[in-house]
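Q: Contents of input28.txt (compact mmCIF, C-alpha atoms):
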# COMPACT_ATOMS: atom_id res chain seq x y z
CA MET A 1 0.00 0.00 0.00
CA ILE A 2 2.76 2.44 0.94
CA ILE A 3 4.59 1.53 -2.27
CA VAL A 4 1.51 2.25 -4.39
CA PHE A 5 1.01 5.56 -2.54
CA ILE A 6 4.60 6.69 -3.07
CA ARG A 7 4.54 5.53 -6.71
CA VAL A 8 1.39 7.55 -7.34
CA LEU A 9 3.05 10.60 -5.75
CA ILE A 10 6.20 10.20 -7.85
CA LEU A 11 4.25 9.70 -11.09
CA TYR A 12 1.84 12.53 -10.28
CA THR A 13 4.74 14.91 -9.70
CA THR A 14 6.42 13.75 -12.89
CA VAL A 15 3.26 14.17 -15.02
CA LEU A 16 2.68 17.61 -13.51
CA PHE A 17 6.28 18.63 -14.12
CA PHE A 18 6.13 17.41 -17.71
CA LEU A 19 2.84 19.24 -18.33
CA ARG A 20 4.46 22.41 -17.05
CA ILE A 21 7.32 21.94 -19.51
CA LEU A 22 4.85 21.32 -22.33
CA GLY A 23 3.22 24.66 -21.57
CA LYS A 24 -0.14 26.29 -20.96
CA ARG A 25 -1.59 25.39 -24.35
CA GLN A 26 -1.46 21.74 -23.36
CA VAL A 27 -4.23 22.14 -20.82
CA SER A 28 -6.44 24.68 -22.57
CA THR A 29 -6.75 24.55 -26.35
CA LEU A 30 -5.26 21.36 -27.64
CA GLN A 31 -3.71 20.60 -30.99
CA PRO A 32 -4.09 16.99 -32.19
CA TYR A 33 -0.59 15.96 -31.16
CA GLU A 34 -1.08 17.61 -27.78
CA LEU A 35 -4.29 15.70 -27.21
CA VAL A 36 -2.47 12.45 -28.01
CA THR A 37 0.12 13.32 -25.39
CA ILE A 38 -2.51 14.03 -22.77
CA ILE A 39 -4.36 10.78 -23.49
CA LEU A 40 -1.18 8.70 -23.43
CA LEU A 41 0.30 10.44 -20.39
CA ALA A 42 -2.48 9.12 -18.20
CA ASP A 43 -2.18 5.60 -19.58
CA VAL A 44 1.60 5.41 -19.37
CA ALA A 45 1.59 6.79 -15.83
CA ALA A 46 -1.07 4.27 -14.80
CA ILE A 47 0.94 1.17 -15.82
CA PRO A 48 3.53 1.19 -13.01
CA MET A 49 1.25 3.08 -10.63
CA ALA A 50 -0.73 0.07 -9.49
CA GLY A 51 1.45 -2.76 -10.85
CA THR A 52 4.15 -2.98 -8.23
CA GLY A 53 5.81 -5.78 -10.21
CA THR A 54 6.69 -3.27 -12.90
CA PRO A 55 9.79 -1.21 -12.16
CA LEU A 56 8.91 2.43 -11.59
CA VAL A 57 11.65 3.46 -13.95
CA ASN A 58 9.68 1.83 -16.81
CA GLY A 59 6.83 4.27 -16.21
CA LEU A 60 9.19 7.21 -15.86
CA VAL A 61 10.97 6.28 -19.10
CA GLY A 62 7.57 6.04 -20.81
CA LEU A 63 6.63 9.49 -19.54
CA PHE A 64 9.99 10.86 -20.63
CA ALA A 65 9.53 9.34 -24.09
CA LEU A 66 6.17 11.10 -24.36
CA LEU A 67 7.73 14.36 -23.25
CA VAL A 68 10.48 14.04 -25.86
CA ALA A 69 7.97 13.09 -28.60
CA SER A 70 5.58 15.90 -27.79
CA TYR A 71 8.31 18.49 -27.39
CA THR A 72 9.92 17.41 -30.65
CA VAL A 73 6.63 17.66 -32.56
CA SER A 74 5.91 21.11 -31.12
CA PHE A 75 9.49 22.17 -31.90
CA ILE A 76 9.18 20.94 -35.49
CA THR A 77 5.80 22.63 -35.98
CA MET A 78 7.34 25.87 -34.72
CA LYS A 79 10.22 25.69 -37.20
CA SER A 80 8.44 24.42 -40.32
CA THR A 81 5.11 25.68 -41.65
CA LYS A 82 4.76 22.70 -44.00
CA LEU A 83 5.17 20.20 -41.17
CA ARG A 84 2.90 22.33 -38.99
CA ALA A 85 0.17 21.99 -41.58
CA ALA A 86 0.80 18.26 -41.90
CA ILE A 87 0.75 17.64 -38.16
CA SER A 88 -1.83 20.12 -36.92
CA GLY A 89 -3.86 20.65 -40.10
CA ARG A 90 -5.00 24.02 -41.44
CA PRO A 91 -7.85 26.25 -40.35
CA THR A 92 -10.88 25.78 -42.63
CA ILE A 93 -13.36 28.46 -43.61
CA ILE A 94 -16.85 26.99 -43.21
CA ILE A 95 -18.87 30.22 -43.41
CA ALA A 96 -18.08 32.94 -45.91
CA ASN A 97 -20.20 36.07 -46.41
CA GLY A 98 -23.01 34.64 -44.31
CA ARG A 99 -23.24 31.40 -46.28
CA ILE A 100 -22.26 27.93 -45.13
CA ILE A 101 -19.66 26.29 -47.35
CA GLU A 102 -21.13 22.85 -47.81
CA ASP A 103 -18.06 21.20 -49.34
CA ALA A 104 -15.89 22.30 -46.46
CA MET A 105 -18.46 21.01 -43.96
CA LYS A 106 -18.56 17.61 -45.69
CA GLU A 107 -14.79 17.43 -45.85
CA LEU A 108 -14.56 18.06 -42.11
CA ARG A 109 -17.56 15.81 -41.31
CA TYR A 110 -18.91 18.79 -39.41
CA THR A 111 -22.71 18.77 -39.21
CA ILE A 112 -25.00 21.75 -39.55
CA ASN A 113 -26.22 21.02 -36.01
CA ASP A 114 -22.65 21.19 -34.67
CA LEU A 115 -22.13 24.47 -36.46
CA LEU A 116 -25.39 26.02 -35.25
CA GLU A 117 -24.66 24.87 -31.71
CA GLN A 118 -21.23 26.47 -31.79
CA LEU A 119 -22.66 29.67 -33.25
CA ARG A 120 -25.35 29.85 -30.55
CA VAL A 121 -22.75 29.24 -27.83
CA MET A 122 -20.76 32.16 -29.24
CA GLY A 123 -23.83 34.39 -29.37
CA TRP A 124 -24.42 34.34 -33.12
CA PRO A 125 -27.73 32.53 -33.67
CA ASN A 126 -28.09 33.77 -37.26
CA VAL A 127 -25.66 32.42 -39.84
CA GLN A 128 -26.29 35.41 -42.07
CA ASP A 129 -24.80 37.69 -39.36
CA VAL A 130 -21.45 35.95 -39.72
CA GLU A 131 -18.94 37.25 -42.26
CA PHE A 132 -16.50 34.39 -41.75
CA GLY A 133 -16.62 31.25 -39.66
CA VAL A 134 -13.30 29.43 -39.36
CA LEU A 135 -12.81 26.03 -37.83
CA GLU A 136 -9.41 26.25 -36.17
CA THR A 137 -6.87 23.43 -36.00
CA ASN A 138 -7.71 22.85 -32.33
CA GLY A 139 -11.39 22.28 -33.21
CA GLN A 140 -12.62 25.67 -32.00
CA LEU A 141 -14.85 27.80 -34.17
CA SER A 142 -13.78 31.41 -34.70
CA VAL A 143 -16.38 33.88 -35.85
CA VAL A 144 -15.85 37.18 -37.63
CA PRO A 145 -19.23 38.97 -37.59
CA LYS A 146 -20.44 41.24 -40.35
CA SER A 147 -19.44 44.83 -39.68
CA GLN A 148 -23.09 45.89 -39.29
CA LYS A 149 -23.68 43.19 -36.68
CA ARG A 150 -20.64 43.46 -34.45
CA PRO A 151 -20.91 45.37 -31.13
CA VAL A 152 -20.23 49.09 -31.26
CA ASN A 153 -16.88 50.11 -29.77
CA PRO A 154 -15.60 53.53 -28.61
CA GLU A 155 -13.70 54.01 -31.87
CA ASP A 156 -16.97 53.67 -33.86
CA LEU A 157 -18.45 56.45 -31.69
CA GLY A 158 -15.34 58.60 -31.95
CA LEU A 159 -14.82 58.52 -28.18
CA GLU A 160 -11.45 59.12 -26.54
CA THR A 161 -10.47 56.45 -24.04
CA LYS A 162 -7.85 56.48 -21.33
CA TYR A 163 -5.05 53.93 -21.28
CA GLU A 164 -6.06 50.85 -19.33
CA GLY A 165 -3.13 48.67 -18.43
CA LEU A 166 -3.03 45.75 -16.08
CA PRO A 167 -3.46 46.42 -12.36
CA THR A 168 -0.39 45.44 -10.36
CA PRO A 169 -1.10 43.02 -7.51
CA LEU A 170 0.74 44.22 -4.41
CA VAL A 171 -0.64 41.94 -1.71
CA VAL A 172 -2.05 38.49 -2.41
CA ASP A 173 -3.41 36.48 0.49
CA GLY A 174 -1.43 38.49 3.03
CA GLN A 175 1.86 38.19 1.12
CA VAL A 176 3.48 41.39 -0.19
CA ASP A 177 4.72 41.11 -3.76
CA VAL A 178 8.00 42.96 -3.29
CA GLN A 179 9.02 42.43 -6.92
CA ASN A 180 5.88 44.19 -8.20
CA LEU A 181 6.36 47.00 -5.68
CA ARG A 182 9.91 47.61 -6.88
CA ARG A 183 8.86 47.39 -10.52
CA ILE A 184 6.50 50.36 -10.10
CA GLY A 185 9.00 52.30 -7.99
CA LEU A 186 7.27 52.01 -4.61
CA ASP A 187 8.34 50.53 -1.29
CA GLU A 188 6.83 48.58 1.56
CA GLN A 189 6.62 51.65 3.79
CA TRP A 190 4.35 53.35 1.26
CA LEU A 191 2.26 50.20 0.99
CA ARG A 192 1.82 49.88 4.76
CA SER A 193 0.69 53.50 5.09
CA GLU A 194 -1.79 53.05 2.22
CA LEU A 195 -3.11 49.79 3.62
CA ALA A 196 -3.60 51.45 7.02
CA ARG A 197 -6.16 53.73 5.36
CA PHE A 198 -8.21 50.62 4.63
CA GLY A 199 -7.91 49.44 8.25
CA ALA A 200 -5.14 46.91 7.70
CA ARG A 201 -2.66 46.93 10.58
CA ARG A 202 -0.26 44.73 8.63
CA PRO A 203 -0.15 43.20 5.09
CA GLY A 204 -1.17 39.87 6.63
CA ASP A 205 -4.68 41.35 7.18
CA VAL A 206 -5.12 41.91 3.44
CA LEU A 207 -6.72 39.35 1.14
CA TYR A 208 -5.93 41.22 -2.06
CA ALA A 209 -4.54 44.66 -2.88
CA ALA A 210 -3.68 45.99 -6.32
CA LEU A 211 -2.74 49.32 -7.85
CA ASP A 212 -4.27 50.19 -11.21
CA THR A 213 -2.68 52.34 -13.90
CA GLN A 214 -4.73 55.37 -12.76
CA GLY A 215 -3.00 55.14 -9.36
CA ARG A 216 -6.07 53.84 -7.54
CA LEU A 217 -5.41 51.29 -4.83
CA PHE A 218 -7.91 48.48 -4.43
CA CYS A 219 -7.79 46.70 -1.09
CA GLN A 220 -9.91 43.91 0.32
CA LEU A 221 -9.29 42.81 3.88
CA LYS A 222 -9.48 39.22 5.07
CA ALA A 223 -12.75 38.38 6.79
CA GLU A 224 -11.12 38.01 10.24
CA ALA A 225 -9.39 41.39 9.85
CA GLN A 226 -12.62 43.03 8.73
CA ASN A 227 -14.44 41.87 11.87
CA GLY A 228 -11.91 43.45 14.19
CA ALA A 229 -10.92 46.46 12.11
CA PRO A 230 -12.61 49.80 11.58
CA PRO A 231 -14.38 50.22 8.21
CA ALA A 232 -12.27 51.65 5.38
CA MET B 1 18.08 34.01 -23.66
CA ARG B 2 14.33 33.50 -23.34
CA ARG B 3 14.11 33.33 -27.12
CA TYR B 4 16.43 30.31 -27.25
CA MET B 5 15.01 28.51 -24.21
CA SER B 6 12.85 26.27 -26.39
CA ASP B 7 15.91 25.27 -28.44
CA PHE B 8 17.90 24.54 -25.29
CA VAL B 9 15.14 22.34 -23.89
CA PHE B 10 14.77 20.54 -27.22
CA TYR B 11 18.47 19.76 -27.56
CA GLY B 12 18.69 19.02 -23.83
CA LEU B 13 15.93 16.44 -24.07
CA TRP B 14 17.61 14.69 -26.99
CA ILE B 15 21.00 14.74 -25.28
CA LEU B 16 19.34 13.17 -22.23
CA THR B 17 17.71 10.60 -24.51
CA GLY B 18 21.09 9.76 -26.07
CA LEU B 19 22.68 9.43 -22.64
CA GLY B 20 19.75 7.28 -21.56
CA PHE B 21 20.27 4.95 -24.55
CA ALA B 22 23.97 4.70 -23.77
CA GLY B 23 23.12 3.99 -20.12
CA VAL B 24 20.67 1.25 -21.08
CA TYR B 25 23.28 -0.42 -23.31
CA TRP B 26 25.81 -0.22 -20.51
CA ILE B 27 23.32 -1.87 -18.14
CA ILE B 28 22.54 -4.59 -20.71
CA GLY B 29 26.26 -5.24 -21.14
CA ALA B 30 26.74 -5.49 -17.37
CA GLN B 31 23.70 -7.77 -17.09
CA GLU B 32 25.02 -10.04 -19.84
CA SER B 33 28.42 -10.43 -18.22
CA VAL B 34 26.81 -11.25 -14.85
CA ALA B 35 24.37 -13.68 -16.53
CA HIS B 36 27.26 -15.44 -18.31
CA ALA B 37 29.25 -15.71 -15.08
CA LEU B 38 26.28 -17.18 -13.21
CA THR B 39 25.37 -19.60 -16.00
CA ALA B 40 28.98 -20.81 -16.08
CA GLU B 41 28.67 -21.62 -12.36
CA LEU B 42 25.34 -23.35 -12.94
CA GLU B 43 26.94 -25.43 -15.69
CA ALA B 44 29.62 -26.41 -13.18
CA ALA B 45 26.84 -27.47 -10.79
CA GLU B 46 25.26 -29.54 -13.58
CA ARG B 47 28.58 -31.27 -14.23
CA ALA B 48 28.96 -31.95 -10.50
CA ILE B 49 25.48 -33.55 -10.44
CA ALA B 50 26.35 -35.67 -13.47
CA ALA B 51 29.52 -36.79 -11.65
CA GLY B 52 27.51 -37.55 -8.49
CA GLU B 53 29.31 -34.84 -6.47
CA TRP B 54 26.20 -33.63 -4.66
CA SER B 55 27.93 -31.60 -1.95
CA ARG B 56 29.96 -29.66 -4.54
CA ALA B 57 26.82 -29.07 -6.59
CA ALA B 58 25.02 -27.84 -3.43
CA ASP B 59 27.90 -25.46 -2.61
CA VAL B 60 27.95 -24.03 -6.13
CA VAL B 61 24.18 -23.52 -6.24
CA ALA B 62 24.18 -21.98 -2.75
CA GLY B 63 26.88 -19.57 -3.94
CA VAL B 64 24.84 -18.68 -7.02
CA ILE B 65 21.71 -18.10 -4.90
CA GLY B 66 23.67 -15.81 -2.57
CA ARG B 67 24.99 -13.79 -5.51
CA TRP B 68 21.59 -13.73 -7.16
CA ARG B 69 19.93 -12.29 -4.03
CA ARG B 70 22.34 -9.36 -4.09
CA ILE B 71 22.04 -8.85 -7.86
CA GLU B 72 18.23 -9.17 -7.82
CA LYS B 73 17.87 -6.05 -5.68
CA ARG B 74 19.73 -3.92 -8.20
CA TRP B 75 18.10 -5.47 -11.25
CA ALA B 76 14.64 -4.91 -9.74
CA LEU B 77 15.11 -1.20 -10.50
CA HIS B 78 14.77 -1.83 -14.25
CA THR B 79 13.62 -5.43 -14.80
CA GLN B 80 10.14 -6.90 -14.39
CA HIS B 81 10.00 -8.31 -10.87
CA GLU B 82 8.24 -11.52 -11.93
CA GLN B 83 11.09 -12.35 -14.33
CA LEU B 84 13.56 -12.01 -11.47
CA GLU B 85 11.36 -14.11 -9.20
CA ALA B 86 11.20 -16.81 -11.89
CA VAL B 87 15.02 -17.15 -11.76
CA ALA B 88 14.99 -17.24 -7.96
CA GLU B 89 12.27 -19.92 -7.97
CA ALA B 90 14.20 -22.15 -10.38
CA LEU B 91 17.39 -21.79 -8.30
CA LEU B 92 15.59 -22.61 -5.05
CA GLU B 93 13.92 -25.63 -6.64
CA ALA B 94 17.30 -26.83 -7.87
CA GLU B 95 18.81 -26.34 -4.42
CA THR B 96 16.02 -28.39 -2.82
CA LEU B 97 16.36 -31.23 -5.33
CA ILE B 98 20.16 -31.26 -4.95
CA GLY B 99 19.65 -31.54 -1.19
CA LEU B 100 17.54 -34.64 -1.88
CA HIS B 101 20.24 -35.95 -4.26
CA ASP B 102 17.63 -36.00 -7.01
CA ALA B 103 19.04 -35.86 -10.57
CA GLN B 104 15.91 -33.98 -11.64
CA ALA B 105 17.69 -30.91 -10.23
CA LEU B 106 19.19 -30.59 -13.70
CA THR B 107 15.85 -29.38 -15.08
CA PRO B 108 15.45 -26.28 -12.83
CA LEU B 109 19.18 -25.57 -13.24
CA ARG B 110 18.80 -25.45 -17.03
CA LEU B 111 15.66 -23.39 -16.62
CA ALA B 112 17.50 -20.90 -14.38
CA ARG B 113 20.33 -20.68 -16.92
CA GLU B 114 17.94 -20.01 -19.77
CA ARG B 115 16.02 -17.41 -17.77
CA LEU B 116 19.23 -15.65 -16.73
CA LEU B 117 20.42 -15.39 -20.32
CA THR B 118 17.01 -14.19 -21.52
CA LEU B 119 16.81 -11.28 -19.05
CA PRO B 120 19.30 -8.88 -20.71
CA ARG B 121 18.26 -10.04 -24.19
CA ARG B 122 14.72 -8.74 -23.61
CA ASP B 123 15.98 -5.15 -23.31
CA ARG B 124 18.07 -5.22 -26.48
CA LEU B 125 16.88 -3.13 -29.40
CA LEU B 126 15.91 -6.08 -31.58
CA LEU B 127 13.06 -6.35 -34.04
CA GLU B 128 11.71 -9.39 -32.19
CA ASN B 129 11.55 -7.34 -28.99
CA LEU B 130 9.97 -4.31 -30.68
CA LEU B 131 7.26 -6.31 -32.40
Take the structure in the file and give it back as structure tokens.

A:
Amino acid sequence: MIIVFIRVLILYTTVLFFLRILGKRQVSTLQPYELVTIILLADVAAIPMAGTGTPLVNGLVGLFALLVASYTVSFITMKSTKLRAAISGRPTIIIANGRIIEDAMKELRYTINDLLEQLRVMGWPNVQDVEFGVLETNGQLSVVPKSQKRPVNPEDLGLETKYEGLPTPLVVDGQVDVQNLRRIGLDEQWLRSELARFGARRPGDVLYAALDTQGRLFCQLKAEAQNGAPPA
Amino acid sequence: MRRYMSDFVFYGLWILTGLGFAGVYWIIGAQESVAHALTAELEAAERAIAAGEWSRAADVVAGVIGRWRRIEKRWALHTQHEQLEAVAEALLEAETLIGLHDAQALTPLRLARERLLTLPRRDRLLLENLL
């Protein structure tokens, strides 16, 4: 039992580590070769996990082989567009100028129902509102709406907008992000005095604090600090 | 630096793979030399049985079992445990039959020899192993 437990821990850590190396795309939008890796990773890891008669190194070598294979394929697809097309396929236009391209649909074995479902999910119930519909290599449908049908944006209205960058997190779960503080040219003393205005006696009382690009500090105290502290 | 990280990882993985292949071949070579040494001793035990020298045969097999117990622990890191147990079983059976002065001890001895020689062969990059 202990052996199985430790094996599971070792293999879990290894799979997690390998997934981190393979990158974020591996767990969100998957290319065909990435999906193969994910499917096989679980199977290869499972072989020595429960079978204590199988040396653990066999499972680890299998995982390593998958890592090498997957990394090599992604490396090749990055370097060569021809191989990228061969391995991952090409995006296919299935709607053009509000009309479904039947041949493309048949080639992809993509049904009208699948298409309509995807369009509804994306908030485009009418096909005629779509300028282009592209089925991406990872199986996701991308929609370019007709210019008359897309939402109005400030540019259409001729409105000036202020720059909106990313807010900089300064305290996350009571921990001060010193690196972020330094990056924006501030120090911990400044932070403590600002947090005090929100009723935080120390950074440990703060659940989340961030400074936006307009210089506004957002601060939310932890529940236990809120109960004992004066309102901000 | 960040730009070339992907290249470094790629080449690093293949260098590791190459080193791993070399390591596996080194292990197979070491396994083969140990297997040949042990089978030579088992052949000596077989000759002793044929000559009716039971105590010598028992000593030789006991020596092989002692060595095998030490080797087995290391080989268990990369070899299927049941294959290792199969060798141990054949050796123990031979030891028991030799203790009873039973000439049928030759059968498990030959079986142990064959199993010992098969172990490293199974890891070799051969078409028969791949398919």

Q: Using all atoms listed in the file, pick whichever of B:Leu106, B:Ala76, B:Leu116, B:Ala51 has the shortest atom-to-atom distance to Leu56 in chain A.

A: B:Ala76

Q: Could the residues of chain B within 9 Å of chain A, counting all atoms listed in the file, be given as an MDAnalysis selection string, please?

A: chainID B and resid 6:7 9:10 13:14 17 76:82

Q: Which is closer to Ile101 in chain A than all the others in A:Ala209, A:Val73, A:Ile6, A:Leu135, using only C-alpha atoms?

A: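 The answer is A:Leu135, which sits nearest to Ile101 in chain A.
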
Q: Could you tell me how far CA of Glu41 in chain B sits from CA of Val60 in chain B, in Å to one decimal place?

A: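 Pair CA of Val60 in chain B / CA of Glu41 in chain B returns 6.7 Å.
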
Q: Would you work out the distance separating CA of Pro203 in chain A from CA of Leu191 in chain A, expressed in Å to one decimal?

A: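 Taking CA of Pro203 in chain A and CA of Leu191 in chain A, their separation equals 8.5 Å.
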
Q: One number please: CA of Asp177 in chain A to CA of Tyr208 in chain A, in Å, one decimal.

A: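 Separation between CA of Asp177 in chain A and CA of Tyr208 in chain A: 10.8 Å.
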
Q: Taking only C-alpha atoms into account, which of A:Ser70, A:Ile10, A:Asn138, A:Glu160 comes nearest Ile38 in chain A?

A: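 So, comparing all the options, the nearest one is A:Ser70.
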
Q: Could you give me, as a list in words, the residues within 12 Å of Leu38 in chain B, counting only C-alpha atoms and dropping anything in the same chain fewer than 4 positions from it?

A: Gln31, Glu32, Ser33, Val34, Leu42, Glu43, Ala44, Ala45, Val60, Val61, Ala62, Gly63, Val64, Ile65, Gly66, Arg67, Trp68, Ile71, Val87, Leu91, Leu109, Arg110, Ala112, Arg113, Glu114, Arg115, Leu116 and Leu117 of chain B

Q: Leaving out Leu166 in chain A and any residue of its chain fewer than 4 positions from it, which residues lie within 9 Å of it when counting all atoms listed in the file, given as a list in words?

A: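 What passes the distance filter is Leu211, Asp212 and Thr213 of chain A.
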
Q: Write out the residues from the selection above, keeping C-alpha atoms, as a PDB file, in the coordinates of the input.

A:
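Dumped everything to again-v4.pdb:
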ATOM      1  CA  LEU A 211      -2.740  49.320  -7.850  1.00  0.00           C
ATOM      2  CA  ASP A 212      -4.270  50.190 -11.210  1.00  0.00           C
ATOM      3  CA  THR A 213      -2.680  52.340 -13.900  1.00  0.00           C
TER       4      THR A 213
END

Q: Can you tell me, as a list in words, what residues are no more than 8 Å from Asn180 in chain A when counting only C-alpha atoms, ignoring any on the same chain fewer than 6 positions away?

A: Thr168, Pro169 and Leu170 of chain A

Q: Got time to write the residues from that selection, C-alpha atoms, as a compact mmCIF listing (two decimals), keeping the file's coordinate frame?

A:
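Now in selection-v8.txt:
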# COMPACT_ATOMS: atom_id res chain seq x y z
CA THR A 168 -0.39 45.44 -10.36
CA PRO A 169 -1.10 43.02 -7.51
CA LEU A 170 0.74 44.22 -4.41

Q: Calculated over only C-alpha atoms, which of the candidates B:Ala37, B:Val24, B:Ala50, B:Leu97 has the smallest distance to Pro120 in chain B?

A: B:Val24

Q: If we count all atoms listed in the file, what is near Ala210 in chain A at a cut-off of 9 Å, once residues fewer than 3 positions away on the same chain are taken out, given as a list in words?

A: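 Close residues of Ala210 in chain A: Pro167, Thr168, Pro169, Leu170, Val171, Val172, Arg216, Leu217, Phe218 and Cys219 of chain A.
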
Q: Which one is closest to Ala22 in chain B: B:Arg124, B:Leu130, B:Leu92, B:Ala35? Count only C-alpha atoms.

A: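 That would be B:Arg124, the residue with the smallest distance to Ala22 in chain B.
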
Q: Could you check which of A:Pro32, A:Gly158, A:Gly215, A:Gly51 is closest to Arg90 in chain A, using all atoms listed in the file?

A: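 Ranking A:Pro32, A:Gly158, A:Gly215, A:Gly51 by distance to Arg90 in chain A, first place goes to A:Pro32.
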
Q: As an mmCIF file, in the frame of the given file, could you write out range 33-55 of chain A once it has been completed with N, CA and C atoms?

A:
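Written output follows (rebuild.cif):
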data_model
loop_
_atom_site.group_PDB
_atom_site.id
_atom_site.type_symbol
_atom_site.label_atom_id
_atom_site.label_comp_id
_atom_site.auth_asym_id
_atom_site.auth_seq_id
_atom_site.Cartn_x
_atom_site.Cartn_y
_atom_site.Cartn_z
ATOM 1 N N TYR A 33 -1.724 16.667 -31.769
ATOM 2 C CA TYR A 33 -0.590 15.960 -31.160
ATOM 3 C C TYR A 33 -0.517 16.198 -29.652
ATOM 4 N N GLU A 34 -1.056 17.346 -29.224
ATOM 5 C CA GLU A 34 -1.080 17.610 -27.780
ATOM 6 C C GLU A 34 -2.117 16.726 -27.086
ATOM 7 N N LEU A 35 -3.235 16.550 -27.772
ATOM 8 C CA LEU A 35 -4.290 15.700 -27.210
ATOM 9 C C LEU A 35 -3.790 14.264 -27.063
ATOM 10 N N VAL A 36 -3.037 13.803 -28.071
ATOM 11 C CA VAL A 36 -2.470 12.450 -28.010
ATOM 12 C C VAL A 36 -1.585 12.327 -26.778
ATOM 13 N N THR A 37 -0.777 13.346 -26.551
ATOM 14 C CA THR A 37 0.120 13.320 -25.390
ATOM 15 C C THR A 37 -0.669 13.208 -24.108
ATOM 16 N N ILE A 38 -1.719 14.021 -24.003
ATOM 17 C CA ILE A 38 -2.510 14.030 -22.770
ATOM 18 C C ILE A 38 -3.149 12.660 -22.536
ATOM 19 N N ILE A 39 -3.694 12.086 -23.626
ATOM 20 C CA ILE A 39 -4.360 10.780 -23.490
ATOM 21 C C ILE A 39 -3.339 9.720 -23.055
ATOM 22 N N LEU A 40 -2.181 9.734 -23.721
ATOM 23 C CA LEU A 40 -1.180 8.700 -23.430
ATOM 24 C C LEU A 40 -0.506 8.914 -22.075
ATOM 25 N N LEU A 41 -0.361 10.158 -21.678
ATOM 26 C CA LEU A 41 0.300 10.440 -20.390
ATOM 27 C C LEU A 41 -0.390 9.678 -19.271
ATOM 28 N N ALA A 42 -1.720 9.765 -19.260
ATOM 29 C CA ALA A 42 -2.480 9.120 -18.200
ATOM 30 C C ALA A 42 -2.281 7.611 -18.240
ATOM 31 N N ASP A 43 -2.317 7.051 -19.451
ATOM 32 C CA ASP A 43 -2.180 5.600 -19.580
ATOM 33 C C ASP A 43 -0.786 5.127 -19.169
ATOM 34 N N VAL A 44 0.221 5.826 -19.662
ATOM 35 C CA VAL A 44 1.600 5.410 -19.370
ATOM 36 C C VAL A 44 1.889 5.536 -17.874
ATOM 37 N N ALA A 45 1.360 6.584 -17.274
ATOM 38 C CA ALA A 45 1.590 6.790 -15.830
ATOM 39 C C ALA A 45 0.871 5.712 -15.028
ATOM 40 N N ALA A 46 -0.260 5.223 -15.564
ATOM 41 C CA ALA A 46 -1.070 4.270 -14.800
ATOM 42 C C ALA A 46 -0.436 2.878 -14.742
ATOM 43 N N ILE A 47 0.401 2.540 -15.749
ATOM 44 C CA ILE A 47 0.940 1.170 -15.820
ATOM 45 C C ILE A 47 1.739 0.804 -14.546
ATOM 46 N N PRO A 48 2.775 1.582 -14.198
ATOM 47 C CA PRO A 48 3.530 1.190 -13.010
ATOM 48 C C PRO A 48 2.909 1.682 -11.703
ATOM 49 N N MET A 49 1.837 2.501 -11.835
ATOM 50 C CA MET A 49 1.250 3.080 -10.630
ATOM 51 C C MET A 49 0.683 1.997 -9.719
ATOM 52 N N ALA A 50 -0.095 1.118 -10.299
ATOM 53 C CA ALA A 50 -0.730 0.070 -9.490
ATOM 54 C C ALA A 50 0.044 -1.245 -9.571
ATOM 55 N N GLY A 51 0.716 -1.497 -10.708
ATOM 56 C CA GLY A 51 1.450 -2.760 -10.850
ATOM 57 C C GLY A 51 2.803 -2.664 -10.195
ATOM 58 N N THR A 52 2.881 -3.133 -8.959
ATOM 59 C CA THR A 52 4.150 -2.980 -8.230
ATOM 60 C C THR A 52 5.232 -3.913 -8.776
ATOM 61 N N GLY A 53 4.827 -4.884 -9.611
ATOM 62 C CA GLY A 53 5.810 -5.780 -10.210
ATOM 63 C C GLY A 53 6.556 -5.136 -11.366
ATOM 64 N N THR A 54 6.036 -3.993 -11.804
ATOM 65 C CA THR A 54 6.690 -3.270 -12.900
ATOM 66 C C THR A 54 7.628 -2.228 -12.298
ATOM 67 N N PRO A 55 8.880 -2.213 -12.720
ATOM 68 C CA PRO A 55 9.790 -1.210 -12.160
ATOM 69 C C PRO A 55 9.283 0.214 -12.453
#
